[in-house]
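Raw contents of protein.pdb, PDB, C-alpha atoms:
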ATOM      1  CA  MET A 215       0.000   0.000   0.000
ATOM      2  CA  ASN A 216       2.724   2.449   0.993
ATOM      3  CA  GLY A 217       4.683   1.366  -2.039
ATOM      4  CA  GLU A 218       1.730   2.184  -4.250
ATOM      5  CA  ILE A 219       1.393   5.730  -2.884
ATOM      6  CA  ALA A 220       5.148   6.216  -3.249
ATOM      7  CA  PHE A 221       4.988   4.949  -6.831
ATOM      8  CA  TRP A 222       2.267   7.403  -7.819
ATOM      9  CA  ILE A 223       3.950  10.372  -6.122
ATOM     10  CA  LEU A 224       7.370   9.580  -7.601
ATOM     11  CA  SER A 225       6.039   8.966 -11.081
ATOM     12  CA  ALA A 226       4.095  12.260 -10.925
ATOM     13  CA  ILE A 227       7.322  14.048  -9.927
ATOM     14  CA  ALA A 228       9.247  12.365 -12.761
ATOM     15  CA  VAL A 229       6.632  13.055 -15.445
ATOM     16  CA  LEU A 230       6.110  16.678 -14.374
ATOM     17  CA  GLY A 231       9.835  17.286 -14.166
ATOM     18  CA  ALA A 232      10.380  15.858 -17.638
ATOM     19  CA  LEU A 233       7.482  17.871 -19.099
ATOM     20  CA  VAL A 234       8.689  21.146 -17.612
ATOM     21  CA  ALA A 235      12.279  20.410 -18.686
ATOM     22  CA  VAL A 236      11.191  19.841 -22.265
ATOM     23  CA  ARG A 237       8.742  22.733 -22.550
ATOM     24  CA  LYS A 238      10.423  25.497 -20.522
ATOM     25  CA  ARG A 239      11.739  28.463 -22.470
ATOM     26  CA  ASN A 240      14.308  29.457 -19.854
ATOM     27  CA  LEU A 241      17.133  26.929 -20.149
ATOM     28  CA  VAL A 242      18.347  27.182 -16.551
ATOM     29  CA  HIS A 243      14.846  26.546 -15.234
ATOM     30  CA  GLY A 244      14.695  23.632 -17.654
ATOM     31  CA  VAL A 245      17.864  22.123 -16.215
ATOM     32  CA  PHE A 246      16.521  22.414 -12.674
ATOM     33  CA  ALA A 247      13.304  20.680 -13.763
ATOM     34  CA  LEU A 248      15.503  17.990 -15.320
ATOM     35  CA  LEU A 249      17.238  17.543 -11.946
ATOM     36  CA  VAL A 250      13.800  17.088 -10.330
ATOM     37  CA  PHE A 251      13.089  14.405 -12.952
ATOM     38  CA  PHE A 252      16.366  12.629 -12.152
ATOM     39  CA  ALA A 253      15.539  12.756  -8.426
ATOM     40  CA  GLY A 254      12.090  11.253  -9.016
ATOM     41  CA  LEU A 255      13.614   8.489 -11.105
ATOM     42  CA  SER A 256      16.174   7.810  -8.395
ATOM     43  CA  GLY A 257      13.298   7.359  -5.945
ATOM     44  CA  LEU A 258      11.663   4.902  -8.352
ATOM     45  CA  PHE A 259      14.913   2.912  -8.494
ATOM     46  CA  LEU A 260      14.887   2.756  -4.690
ATOM     47  CA  LEU A 261      11.291   1.547  -4.833
ATOM     48  CA  LEU A 262      12.442  -1.237  -7.168
ATOM     49  CA  LEU A 263      15.138  -2.165  -4.596
ATOM     50  CA  ALA A 264      18.016  -1.127  -6.842
ATOM     51  CA  GLU A 265      19.693   0.980  -4.165
ATOM     52  CA  PHE A 266      23.091   1.129  -5.870
ATOM     53  CA  ILE A 267      21.610   2.420  -9.118
ATOM     54  CA  ALA A 268      19.649   5.020  -7.147
ATOM     55  CA  ALA A 269      22.875   6.268  -5.554
ATOM     56  CA  VAL A 270      24.668   6.278  -8.917
ATOM     57  CA  GLN A 271      21.750   8.199 -10.406
ATOM     58  CA  VAL A 272      22.093  10.912  -7.759
ATOM     59  CA  LEU A 273      25.880  11.077  -8.118
ATOM     60  CA  VAL A 274      26.193  10.954 -11.890
ATOM     61  CA  TYR A 275      23.043  12.670 -13.100
ATOM     62  CA  ILE A 276      22.068  15.175 -10.405
ATOM     63  CA  GLY A 277      25.699  15.876  -9.570
ATOM     64  CA  ALA A 278      27.791  15.696 -12.711
ATOM     65  CA  VAL A 279      25.402  15.956 -15.665
ATOM     66  CA  GLY A 280      23.417  18.807 -14.091
ATOM     67  CA  ILE A 281      26.522  20.899 -13.457
ATOM     68  CA  LEU A 282      27.850  20.109 -16.937
ATOM     69  CA  LEU A 283      24.587  21.234 -18.568
ATOM     70  CA  LEU A 284      24.554  24.447 -16.527
ATOM     71  CA  PHE A 285      28.119  25.208 -17.611
ATOM     72  CA  ALA A 286      27.297  24.526 -21.254
ATOM     73  CA  ILE A 287      24.310  26.889 -21.063
ATOM     74  CA  MET A 288      26.376  29.638 -19.480
ATOM     75  CA  LEU A 289      29.131  29.196 -22.083
ATOM     76  CA  THR A 290      26.751  29.480 -25.027
ATOM     77  CA  GLU A 291      23.431  31.278 -25.378
ATOM     78  CA  ARG A 292      21.980  33.941 -23.164
ATOM     79  CA  VAL A 293      20.867  32.300 -19.932
ATOM     80  CA  ALA A 294      17.247  33.313 -20.448
ATOM     81  CA  GLY A 295      17.193  31.057 -23.497
ATOM     82  CA  ASP A 296      15.696  31.879 -26.837
ATOM     83  CA  ASP A 297      13.122  34.428 -25.784
ATOM     84  CA  GLY A 298      11.224  36.219 -28.478
ATOM     85  CA  ARG A 299      12.155  33.682 -31.095
ATOM     86  CA  ARG A 300      10.232  30.595 -32.085
ATOM     87  CA  MET A 301      10.784  27.804 -29.564
ATOM     88  CA  THR A 302       9.777  24.866 -31.724
ATOM     89  CA  SER A 303      11.418  23.607 -34.879
ATOM     90  CA  ARG A 304       9.837  23.883 -38.320
ATOM     91  CA  GLY A 305       8.621  20.308 -38.552
ATOM     92  CA  TRP A 306       7.249  20.199 -35.003
ATOM     93  CA  PHE A 307       3.869  18.816 -36.061
ATOM     94  CA  TRP A 308       5.392  15.790 -37.775
ATOM     95  CA  GLY A 309       7.689  15.307 -34.812
ATOM     96  CA  LEU A 310       4.699  15.256 -32.484
ATOM     97  CA  LEU A 311       2.920  12.795 -34.761
ATOM     98  CA  ALA A 312       5.938  10.479 -34.925
ATOM     99  CA  ALA A 313       6.368  10.635 -31.141
ATOM    100  CA  THR A 314       2.705   9.717 -30.625
ATOM    101  CA  ALA A 315       3.014   6.804 -33.039
ATOM    102  CA  ILE A 316       6.107   5.521 -31.235
ATOM    103  CA  PHE A 317       4.293   5.901 -27.903
ATOM    104  CA  LEU A 318       1.430   3.730 -29.149
ATOM    105  CA  VAL A 319       3.910   1.098 -30.357
ATOM    106  CA  LEU A 320       5.615   1.155 -26.948
ATOM    107  CA  LEU A 321       2.247   0.556 -25.280
ATOM    108  CA  LEU A 322       1.627  -2.593 -27.343
ATOM    109  CA  PRO A 323       3.640  -5.135 -25.296
ATOM    110  CA  PRO A 324       2.002  -4.317 -21.931
ATOM    111  CA  ILE A 325      -1.456  -4.325 -23.528
ATOM    112  CA  GLN A 326      -0.938  -7.616 -25.325
ATOM    113  CA  GLN A 327      -0.382  -9.657 -22.155
ATOM    114  CA  TRP A 328      -2.636  -7.834 -19.802
ATOM    115  CA  PRO A 329      -2.606  -9.989 -16.625
ATOM    116  CA  ALA A 330       0.624  -8.410 -15.467
ATOM    117  CA  PRO A 331       3.170 -10.372 -13.424
ATOM    118  CA  GLU A 332       2.823  -9.371  -9.768
ATOM    119  CA  ALA A 333       5.697  -8.211  -7.583
ATOM    120  CA  ALA A 334       8.269 -10.963  -7.427
ATOM    121  CA  GLN A 335       9.969 -12.355  -4.349
ATOM    122  CA  THR A 336      11.880  -9.840  -2.256
ATOM    123  CA  VAL A 337      15.405  -9.136  -3.398
ATOM    124  CA  GLU A 338      18.210  -9.025  -0.867
ATOM    125  CA  PRO A 339      20.621  -6.068  -0.925
ATOM    126  CA  SER A 340      22.786  -6.516  -3.973
ATOM    127  CA  VAL A 341      25.757  -4.165  -3.647
ATOM    128  CA  GLU A 342      28.192  -6.834  -2.443
ATOM    129  CA  GLN A 343      27.223  -9.302  -5.180
ATOM    130  CA  LEU A 344      27.427  -6.457  -7.673
ATOM    131  CA  GLY A 345      31.021  -5.791  -6.648
ATOM    132  CA  HIS A 346      31.903  -9.476  -7.000
ATOM    133  CA  LYS A 347      30.244  -9.649 -10.417
ATOM    134  CA  LEU A 348      32.088  -6.580 -11.618
ATOM    135  CA  MET A 349      35.368  -8.192 -10.575
ATOM    136  CA  ASN A 350      34.758 -11.716 -11.771
ATOM    137  CA  PRO A 351      32.863 -12.151 -15.030
ATOM    138  CA  TYR A 352      32.519  -8.510 -16.068
ATOM    139  CA  VAL A 353      36.012  -7.170 -15.484
ATOM    140  CA  ILE A 354      36.698  -6.807 -19.235
ATOM    141  CA  THR A 355      33.545  -4.721 -19.635
ATOM    142  CA  LEU A 356      34.632  -2.558 -16.731
ATOM    143  CA  GLU A 357      38.044  -1.985 -18.301
ATOM    144  CA  VAL A 358      36.533  -1.181 -21.702
ATOM    145  CA  LEU A 359      34.245   1.288 -19.959
ATOM    146  CA  ALA A 360      37.219   2.953 -18.291
ATOM    147  CA  LEU A 361      38.876   3.218 -21.705
ATOM    148  CA  LEU A 362      35.688   4.695 -23.169
ATOM    149  CA  LEU A 363      35.489   7.305 -20.408
ATOM    150  CA  THR A 364      39.123   8.266 -20.972
ATOM    151  CA  ALA A 365      38.508   8.558 -24.716
ATOM    152  CA  ALA A 366      35.402  10.668 -24.038
ATOM    153  CA  LEU A 367      37.426  12.934 -21.747
ATOM    154  CA  ILE A 368      40.119  13.467 -24.367
ATOM    155  CA  GLY A 369      37.523  13.846 -27.116
ATOM    156  CA  ALA A 370      35.533  16.413 -25.160
ATOM    157  CA  VAL A 371      38.625  18.487 -24.430
ATOM    158  CA  THR A 372      39.730  18.338 -28.081
ATOM    159  CA  ALA A 373      36.291  19.191 -29.447
ATOM    160  CA  ALA A 374      35.695  22.100 -27.076
ATOM    161  CA  GLN A 375      39.157  23.568 -27.568
ATOM    162  CA  ALA A 376      39.317  26.920 -29.347
ATOM    163  CA  VAL A 377      40.422  26.567 -32.949
ATOM    164  CA  ARG A 378      43.637  28.471 -33.582
ATOM    165  CA  LEU A 379      43.122  30.717 -36.570
ATOM    166  CA  ASP A 380      46.708  31.978 -36.806
ATOM    167  CA  LYS A 381      48.105  28.719 -38.123
ATOM    168  CA  GLU A 382      49.797  30.424 -41.048
ATOM    169  CA  ASP A 383      52.759  31.725 -39.128
ATOM    170  CA  GLU A 384      53.532  28.300 -37.722
ATOM    171  CA  PRO A 385      55.764  25.963 -39.699
ATOM    172  CA  PRO A 386      53.805  23.003 -41.126
ATOM    173  CA  VAL A 387      54.475  19.826 -39.188
TER     174      VAL A 387
ATOM    175  CA  MET B 140       2.533  -2.385  -8.350
ATOM    176  CA  THR B 141       2.858  -4.610 -11.340
ATOM    177  CA  LEU B 142       5.472  -4.641 -14.034
ATOM    178  CA  HIS B 143       3.094  -2.926 -16.416
ATOM    179  CA  HIS B 144       2.874   0.211 -14.290
ATOM    180  CA  TYR B 145       6.583   0.684 -14.713
ATOM    181  CA  LEU B 146       6.535  -0.156 -18.415
ATOM    182  CA  ILE B 147       3.799   2.400 -19.115
ATOM    183  CA  LEU B 148       5.529   5.039 -16.983
ATOM    184  CA  ALA B 149       8.761   4.424 -18.914
ATOM    185  CA  ALA B 150       6.862   4.683 -22.213
ATOM    186  CA  VAL B 151       5.375   8.034 -21.126
ATOM    187  CA  LEU B 152       8.780   9.385 -20.083
ATOM    188  CA  PHE B 153      10.390   8.144 -23.298
ATOM    189  CA  THR B 154       7.687   9.874 -25.333
ATOM    190  CA  ILE B 155       8.186  13.156 -23.460
ATOM    191  CA  GLY B 156      11.891  12.965 -24.285
ATOM    192  CA  LEU B 157      11.102  12.115 -27.889
ATOM    193  CA  ILE B 158       8.747  15.095 -28.200
ATOM    194  CA  GLY B 159      11.460  17.334 -26.801
ATOM    195  CA  ALA B 160      14.067  15.997 -29.209
ATOM    196  CA  PHE B 161      11.714  16.257 -32.193
ATOM    197  CA  THR B 162      10.119  19.638 -31.580
ATOM    198  CA  ARG B 163      12.678  21.906 -29.896
ATOM    199  CA  ARG B 164      15.298  23.790 -31.839
ATOM    200  CA  ASN B 165      17.778  24.467 -29.032
ATOM    201  CA  ALA B 166      20.680  21.984 -29.151
ATOM    202  CA  ILE B 167      21.031  21.788 -25.365
ATOM    203  CA  VAL B 168      17.324  21.061 -24.888
ATOM    204  CA  VAL B 169      17.599  18.293 -27.483
ATOM    205  CA  LEU B 170      20.576  16.908 -25.577
ATOM    206  CA  PHE B 171      18.701  16.714 -22.323
ATOM    207  CA  SER B 172      15.652  15.265 -24.031
ATOM    208  CA  ILE B 173      17.973  12.437 -25.074
ATOM    209  CA  GLU B 174      18.986  12.078 -21.423
ATOM    210  CA  ILE B 175      15.299  11.727 -20.479
ATOM    211  CA  MET B 176      14.928   8.930 -23.052
ATOM    212  CA  LEU B 177      18.033   7.121 -21.770
ATOM    213  CA  ASN B 178      16.694   7.302 -18.231
ATOM    214  CA  ALA B 179      13.328   5.903 -19.298
ATOM    215  CA  ALA B 180      15.150   2.952 -20.867
ATOM    216  CA  ASN B 181      17.114   2.456 -17.630
ATOM    217  CA  LEU B 182      13.829   2.385 -15.698
ATOM    218  CA  ASN B 183      12.682  -0.412 -17.997
ATOM    219  CA  PHE B 184      15.853  -2.400 -17.365
ATOM    220  CA  ILE B 185      15.477  -2.074 -13.607
ATOM    221  CA  ALA B 186      11.772  -2.951 -13.689
ATOM    222  CA  PHE B 187      12.437  -6.075 -15.778
ATOM    223  CA  TRP B 188      15.231  -7.051 -13.393
ATOM    224  CA  ARG B 189      12.963  -6.660 -10.357
ATOM    225  CA  TYR B 190      10.165  -8.738 -11.862
ATOM    226  CA  SER B 191      12.364 -11.398 -13.464
ATOM    227  CA  ASP B 192      12.452 -14.976 -12.223
ATOM    228  CA  ASN B 193      16.028 -14.872 -10.955
ATOM    229  CA  PRO B 194      16.994 -11.345  -9.910
ATOM    230  CA  GLU B 195      20.106 -12.617  -8.117
ATOM    231  CA  LEU B 196      21.888 -12.713 -11.499
ATOM    232  CA  LEU B 197      21.823  -8.871 -11.494
ATOM    233  CA  TYR B 198      21.688  -8.574 -15.285
ATOM    234  CA  GLY B 199      19.424  -5.516 -15.238
ATOM    235  CA  ILE B 200      21.506  -3.691 -12.637
ATOM    236  CA  LEU B 201      24.770  -4.358 -14.467
ATOM    237  CA  PHE B 202      23.357  -3.262 -17.802
ATOM    238  CA  THR B 203      21.945  -0.081 -16.281
ATOM    239  CA  LEU B 204      25.271   0.662 -14.613
ATOM    240  CA  PHE B 205      27.104   0.396 -17.931
ATOM    241  CA  ALA B 206      24.392   2.397 -19.686
ATOM    242  CA  ILE B 207      24.750   5.222 -17.147
ATOM    243  CA  ALA B 208      28.517   5.319 -17.680
ATOM    244  CA  VAL B 209      28.127   5.437 -21.467
ATOM    245  CA  ALA B 210      25.464   8.152 -21.103
ATOM    246  CA  ALA B 211      27.855  10.219 -18.988
ATOM    247  CA  ALA B 212      30.498   9.960 -21.721
ATOM    248  CA  GLU B 213      27.863  10.909 -24.290
ATOM    249  CA  VAL B 214      26.827  14.036 -22.377
ATOM    250  CA  ALA B 215      30.427  15.193 -22.032
ATOM    251  CA  VAL B 216      31.176  14.768 -25.744
ATOM    252  CA  GLY B 217      27.789  16.162 -26.768
ATOM    253  CA  LEU B 218      28.215  19.341 -24.758
ATOM    254  CA  ALA B 219      31.750  19.784 -26.082
ATOM    255  CA  LEU B 220      30.324  19.534 -29.596
ATOM    256  CA  VAL B 221      27.614  22.069 -28.735
ATOM    257  CA  ILE B 222      30.285  24.476 -27.536
ATOM    258  CA  ALA B 223      32.363  23.899 -30.689
ATOM    259  CA  VAL B 224      29.285  24.489 -32.879
ATOM    260  CA  TYR B 225      28.448  27.642 -30.927
ATOM    261  CA  ARG B 226      31.966  28.951 -31.603
ATOM    262  CA  HIS B 227      31.457  28.364 -35.305
ATOM    263  CA  PHE B 228      27.865  29.539 -35.859
ATOM    264  CA  ARG B 229      27.489  31.928 -32.864
ATOM    265  CA  SER B 230      24.241  30.100 -32.134
ATOM    266  CA  ILE B 231      23.025  26.758 -30.803
ATOM    267  CA  ASP B 232      19.853  26.922 -32.837
ATOM    268  CA  LEU B 233      19.600  23.655 -34.753
ATOM    269  CA  GLU B 234      17.965  25.336 -37.745
ATOM    270  CA  VAL B 235      21.008  27.546 -38.240
ATOM    271  CA  MET B 236      23.187  24.474 -38.801
ATOM    272  CA  ASP B 237      22.300  23.660 -42.400
ATOM    273  CA  THR B 238      25.724  23.676 -44.044
ATOM    274  CA  LEU B 239      25.230  20.196 -45.470
ATOM    275  CA  LYS B 240      21.860  21.073 -46.977
ATOM    276  CA  GLU B 241      21.815  21.711 -50.707
ATOM    277  CA  GLU B 242      20.045  24.947 -51.531
TER     278      GLU B 242
END

As structure tokens, what does this structure read like?
Amino acid sequence: MNGEIAFWILSAIAVLGALVAVRKRNLVHGVFALLVFFAGLSGLFLLLLAEFIAAVQVLVYIGAVGILLLFAIMLTERVAGDDGRRMTSRGWFWGLLAATAIFLVLLLPPIQQWPAPEAAQTVEPSVEQLGHKLMNPYVITLEVLALLLTAALIGAVTAAQAVRLDKEDEPPV
Amino acid sequence: MTLHHYLILAAVLFTIGLIGAFTRRNAIVVLFSIEIMLNAANLNFIAFWRYSDNPELLYGILFTLFAIAVAAAEVAVGLALVIAVYRHFRSIDLEVMDTLKEE
């Protein structure tokens, strides 16, 4: 019963946060709404007994991604966003139509087997097993992921670097 | 709560992200719409893990963990690209970036 109330409250927070984030004209307000969405989703992960993922969600999304988005906004457009100009793209109607069609397709699998599986057996806390799994069968994946993050770091720095326009007076390498 | 509650919630969130990505013209808003979609997919993974027959295998959790790490890399590179594009076009409006379009 309590879980049900928590589910409805958290999903309302997540849906409202996502809606405001997508529709808000002011970009900074949009990012804060996005953080509310991430927090609601983190609560849903807790409700599903995935406590480690909930913690990672708070650390990575609310912490790192939020700050990164705020910095990107402050480095680019005016903070107030694109006021005065059109907010939506030219083909917005077709975009809306395509999104609705995809939504209906996504609803098909739950509708097709309607007697839904009830809540399974309780799951014991999984952080310790998760650590063992990451060290034993999935260590290659972990290493590849570390490599990917390093590559992303280097790539981000290279892409965001200012392009030197005075290359002419340097000797060609 | 049944599995279907979570599946429908994830479908709704995914659609909100999709609408944002399809209808907004600000590159940063499109980027965080993509984040909303990735998070909806993660919610699906976790819900399927919770309602699976043998959750002690932790497949859903592991996949979500890796997906979050890849998404973090994607955000970093994406925002760097947005900043590079802003330097070039003096705008992050997606309709300004039409260099590849034949007039």

Residue list as a list in words for point (4.1, 7.4, -32.1), cut-off 12 Å, only C-alpha atoms: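 Those residues lying close to the given coordinates are Trp308, Gly309, Leu310, Leu311, Ala312, Ala313, Thr314, Ala315, Ile316, Phe317, Leu318, Val319, Leu320, Leu321 and Leu322 of chain A; Ala150, Val151, Phe153, Thr154, Ile155, Leu157, Ile158 and Phe161 of chain B.
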
Residue IDs satisfying the ChimeraX specification (/B :<6) & /A, as a PyMOL selection string: chain A and resi 236+302-303+306+309-310+313+317+324+332-334+363+366+370+373-374

Neighbour list for A:Gly231 as a ChimeraX atom specification, cut-off 10 Å, only C-alpha atoms, skip fewer than 2 positions in-chain: /A:225-229,233-236,244-254 /B:152

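Here atom CA of B:Ile173 is placed at a distance of 14.9 Å from atom CA of A:Leu282.
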
Selection under test: the PyMOL selection byres ((chain A and resi 348) around 12); residues as a ChimeraX atom specification: /A:341-347,349-357,359 /B:196-198,200-202,204-205

Exercise: A:Leu260 partners within 12 Å, only C-alpha atoms, chain neighbours under 3 positions left out, as a PyMOL selection string: (chain A and resi 217+220-221+224+253-257+263-272+337+339) or (chain B and resi 182+185-186+189)

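Interatomic distance, atom CA of A:Arg239 against atom CA of A:Ile287: 12.7 Å.
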
Atom CA of A:Ile223 to atom CA of B:Ala180, straight-line distance in Å: 19.9 Å
